[in-house]
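*Asks:* Dropping in data-v2.csv, which is CSV, C-alpha atoms:
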chain,number,residue,atom,x,y,z
F,1,MET,CA,-70.7,-36.8,-90.3
F,2,GLU,CA,-74.3,-36.4,-89.2
F,3,LEU,CA,-73.2,-36.7,-85.5
F,4,ILE,CA,-70.8,-33.7,-86.0
F,5,LYS,CA,-73.5,-31.7,-87.6
F,6,ARG,CA,-75.9,-32.5,-84.8
F,7,HIS,CA,-73.4,-31.5,-82.1
F,8,LYS,CA,-71.7,-28.7,-83.9
F,9,GLY,CA,-71.0,-26.6,-80.7
F,10,LEU,CA,-69.6,-29.6,-78.9
F,11,ALA,CA,-67.3,-30.4,-81.8
F,12,ILE,CA,-65.9,-26.8,-81.9
F,13,VAL,CA,-65.3,-26.9,-78.1
F,14,LEU,CA,-63.5,-30.3,-78.3
F,15,GLY,CA,-61.4,-29.1,-81.3
F,16,LEU,CA,-60.3,-25.9,-79.5
F,17,THR,CA,-59.6,-27.9,-76.3
F,18,LEU,CA,-57.4,-30.3,-78.3
F,19,ILE,CA,-55.5,-27.4,-79.8
F,20,LEU,CA,-55.0,-25.9,-76.4
F,21,VAL,CA,-53.8,-29.1,-74.9
F,22,ILE,CA,-51.2,-29.5,-77.8
F,23,ILE,CA,-50.0,-25.9,-77.2
F,24,MET,CA,-49.7,-26.4,-73.4
F,25,PHE,CA,-47.8,-29.7,-74.0
F,26,ALA,CA,-45.3,-27.9,-76.3
F,27,ILE,CA,-44.7,-25.1,-73.7
F,28,PHE,CA,-44.2,-27.5,-70.8
F,29,ALA,CA,-42.0,-29.7,-72.9
F,30,ARG,CA,-39.7,-26.8,-73.7
F,31,MET,CA,-39.6,-25.8,-70.0
F,32,ILE,CA,-39.0,-29.3,-68.6
F,33,PHE,CA,-36.7,-30.7,-71.4
F,34,SER,CA,-34.6,-27.6,-72.0
F,35,SER,CA,-31.0,-28.2,-73.0
F,36,GLY,CA,-29.6,-25.4,-70.8
F,37,ASP,CA,-26.0,-26.0,-69.6
F,38,SER,CA,-26.5,-24.4,-66.2
F,39,GLU,CA,-29.2,-23.1,-64.0
F,40,TYR,CA,-28.1,-19.5,-64.8
F,41,GLY,CA,-28.7,-19.8,-68.5
F,42,ASP,CA,-26.9,-17.0,-70.5
F,43,ARG,CA,-26.5,-14.7,-67.5
F,44,LEU,CA,-22.9,-15.7,-66.8
F,45,LYS,CA,-21.7,-15.5,-70.4
F,46,GLY,CA,-18.8,-13.1,-70.9
F,47,ILE,CA,-17.8,-12.7,-67.2
F,48,ALA,CA,-14.3,-13.5,-65.9
F,49,SER,CA,-13.7,-16.8,-64.3
F,50,VAL,CA,-12.5,-16.9,-60.7
F,51,ASN,CA,-9.0,-18.3,-60.5
F,52,LYS,CA,-8.8,-21.1,-57.9
F,53,GLU,CA,-5.2,-20.1,-57.1
F,54,ASP,CA,-6.3,-16.6,-56.0
F,55,THR,CA,-8.9,-18.1,-53.7
F,56,ASN,CA,-6.4,-20.6,-52.2
F,57,LYS,CA,-3.9,-17.7,-51.7
F,58,LEU,CA,-6.6,-15.7,-49.9
F,59,ILE,CA,-7.6,-18.6,-47.7
F,60,SER,CA,-4.0,-19.5,-46.8
F,61,GLU,CA,-2.9,-16.0,-46.0
F,62,LEU,CA,-5.9,-15.2,-43.9
F,63,GLU,CA,-5.6,-18.5,-41.9
F,64,GLU,CA,-1.9,-17.5,-41.1
F,65,ARG,CA,-3.1,-14.4,-39.3
F,66,ASP,CA,-3.3,-14.7,-35.5
F,67,GLU,CA,-6.8,-13.2,-35.3
F,68,VAL,CA,-8.4,-15.6,-37.8
F,69,ASP,CA,-9.7,-19.0,-36.8
F,70,ASP,CA,-11.3,-20.3,-40.0
F,71,VAL,CA,-11.9,-19.0,-43.6
F,72,SER,CA,-14.2,-20.4,-46.3
F,73,VAL,CA,-14.8,-19.0,-49.8
F,74,ARG,CA,-17.6,-20.2,-52.1
F,75,THR,CA,-18.5,-19.0,-55.5
F,76,GLN,CA,-22.1,-19.2,-56.7
F,77,GLY,CA,-23.2,-17.6,-59.9
F,78,LYS,CA,-21.9,-14.0,-59.8
F,79,ILE,CA,-21.4,-13.9,-56.1
F,80,ILE,CA,-18.3,-14.8,-54.1
F,81,TYR,CA,-19.2,-15.7,-50.5
F,82,ILE,CA,-16.4,-15.2,-47.9
F,83,THR,CA,-17.0,-16.4,-44.4
F,84,ILE,CA,-14.3,-15.5,-41.8
F,85,THR,CA,-14.4,-16.8,-38.2
F,86,TYR,CA,-12.3,-14.8,-35.8
F,87,LEU,CA,-11.0,-15.6,-32.3
F,88,ASP,CA,-12.8,-14.2,-29.3
F,89,SER,CA,-10.2,-11.4,-28.7
F,90,VAL,CA,-10.8,-9.6,-32.0
F,91,SER,CA,-12.9,-6.4,-32.1
F,92,LYS,CA,-15.5,-5.7,-34.7
F,93,ASP,CA,-13.4,-2.9,-36.2
F,94,LYS,CA,-10.3,-5.1,-36.5
F,95,ALA,CA,-12.5,-7.8,-38.1
F,96,LYS,CA,-13.8,-5.3,-40.7
F,97,GLU,CA,-10.3,-4.0,-41.3
F,98,ILE,CA,-9.0,-7.5,-42.1
F,99,ALA,CA,-12.0,-8.3,-44.4
F,100,ASN,CA,-11.7,-5.0,-46.3
F,101,ASN,CA,-8.6,-6.2,-48.2
F,102,THR,CA,-9.8,-9.6,-49.1
F,103,TYR,CA,-11.3,-8.8,-52.5
F,104,THR,CA,-8.0,-7.3,-53.7
F,105,TYR,CA,-6.6,-10.9,-54.0
F,106,TYR,CA,-8.7,-11.2,-57.2
F,107,SER,CA,-8.0,-9.7,-60.6
F,108,GLU,CA,-9.6,-6.5,-61.7
F,109,GLU,CA,-11.9,-8.4,-64.2
F,110,VAL,CA,-13.3,-10.5,-61.3
F,111,ILE,CA,-13.8,-7.5,-59.1
F,112,LYS,CA,-15.6,-5.8,-61.9
F,113,ASP,CA,-17.9,-8.8,-62.7
F,114,TYR,CA,-18.6,-10.3,-59.3
F,115,ASP,CA,-20.3,-9.2,-56.1
F,116,PHE,CA,-18.7,-10.1,-52.7
F,117,GLU,CA,-20.7,-11.2,-49.7
F,118,TYR,CA,-19.0,-11.2,-46.3
F,119,PHE,CA,-20.0,-13.1,-43.1
F,120,LEU,CA,-17.8,-12.3,-40.2
F,121,THR,CA,-18.3,-14.3,-37.1
F,122,GLN,CA,-16.5,-14.7,-33.8
F,123,LYS,CA,-15.9,-17.8,-31.7
F,124,LYS,CA,-17.2,-17.8,-28.2
F,125,ALA,CA,-14.6,-18.0,-25.5
F,126,ASP,CA,-14.6,-21.3,-23.6
F,127,ASP,CA,-14.6,-19.6,-20.2
F,128,ALA,CA,-17.0,-16.8,-21.1
F,129,GLU,CA,-20.2,-16.6,-19.1
F,130,GLU,CA,-21.8,-14.0,-21.3
F,131,ASP,CA,-22.0,-14.3,-25.1
F,132,THR,CA,-20.3,-11.3,-26.5
F,133,THR,CA,-19.7,-12.7,-30.0
F,134,PHE,CA,-20.6,-10.8,-33.1
F,135,VAL,CA,-21.9,-11.6,-36.6
F,136,ILE,CA,-21.3,-8.9,-39.2
F,137,VAL,CA,-22.6,-9.1,-42.8
F,138,GLY,CA,-21.1,-7.0,-45.6
F,139,THR,CA,-21.6,-6.6,-49.3
F,140,LYS,CA,-19.4,-5.3,-52.0
F,141,HIS,CA,-21.3,-4.7,-55.3
F,142,ALA,CA,-19.3,-5.0,-58.5
F,143,ASP,CA,-20.0,-1.3,-59.2
F,144,ASN,CA,-18.7,-0.1,-55.8
F,145,ASP,CA,-15.2,0.3,-54.6
F,146,TYR,CA,-16.1,-0.3,-50.9
F,147,ILE,CA,-17.8,-2.8,-48.7
F,148,SER,CA,-21.0,-1.8,-47.0
F,149,TRP,CA,-21.5,-3.3,-43.6
F,150,THR,CA,-24.6,-3.9,-41.6
F,151,LYS,CA,-25.2,-1.7,-38.6
F,152,ASN,CA,-24.5,-3.7,-35.5
Take the structure in the file and write it out as structure tokens.
*Replies:*
Amino acid sequence: MELIKRHKGLAIVLGLTLILVIIMFAIFARMIFSSGDSEYGDRLKGIASVNKEDTNKLISELEERDEVDDVSVRTQGKIIYITITYLDSVSKDKAKEIANNTYTYYSEEVIKDYDFEYFLTQKKADDAEEDTTFVIVGTKHADNDYISWTKN
């Protein structure tokens, strides 16, 4: 007891440091050992789920078109990423026209809740000396009724 009385200032600093370490441990333990179901937390609660059949129908119907070489669709969080690769004979305007109708494959609830990201690319012709391919990026926000395209 006499040791604590003699070093009263040091005892207070050590006591406060111990309390601070306990508080920091509690905060980090909640961050590291959280019981969250997904990386998005509660942000995706209450939104419509994307029907896999709608996505498969979109992919199959687009791949049947003569202008389209490959289609991939990926959902991540509240964004649906659609990548379409066109043949070398397709113009930019035709590519945008084909992509403009793709989000209509989904239900109104999905269109209202999700954003759509478009990546339109073109295959290079095998015999082409000059690279005339295009890459177009577009976004359809859930609040908008249209796709906004990059200027290219």
*Asks:* Looking at F:Ala95, F:Ile32, F:Leu44, F:Leu62, which one is nearest to Phe119 in chain F, with distances taken over only C-alpha atoms?
*Replies:*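 Result for the nearest residue to Phe119 in chain F: F:Ala95.
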*Asks:* With distances taken over all atoms listed in the file, which residue among F:Lys140, F:Lys151, F:Lys94, F:Lys78 lies nearest Asp66 in chain F?
*Replies:* F:Lys94
*Asks:* Determine the nearest neighbour of Glu64 in chain F from the options F:Ala11, F:Asp145, F:Tyr86, F:Thr150, counting all atoms listed in the file.
*Replies:*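 Once distances to Glu64 in chain F are computed over all atoms listed in the file, the minimum belongs to F:Tyr86.
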*Asks:* Mind giving me the straight-line distance from CA of Asp70 in chain F to CA of Asp54 in chain F in Å, one decimal?
*Replies:*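 Separating CA of Asp70 in chain F from CA of Asp54 in chain F is a distance of 17.2 Å.
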*Asks:* Leaving out Leu58 in chain F and any residue of its chain fewer than 6 positions from it, which residues lie within 12 Å of it when counting only C-alpha atoms, given as a list in words?
*Replies:*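 Here the qualifying residues turn out to be Asn51, Lys52, Glu64, Arg65, Asp70, Val71, Ser72, Val73, Ile82, Thr83, Ile84, Ile98, Ala99, Asn101, Thr102, Tyr103, Thr104, Tyr105 and Tyr106 of chain F.
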*Asks:* Give the answer as one residue: which of F:Ser91, F:Thr121, F:Asn100, F:Ser49 has the shortest atom-to-atom distance to Gln76 in chain F, using all atoms listed in the file?
*Replies:*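 Of F:Ser91, F:Thr121, F:Asn100, F:Ser49, the one nearest Gln76 in chain F is F:Ser49, counting all atoms listed in the file.
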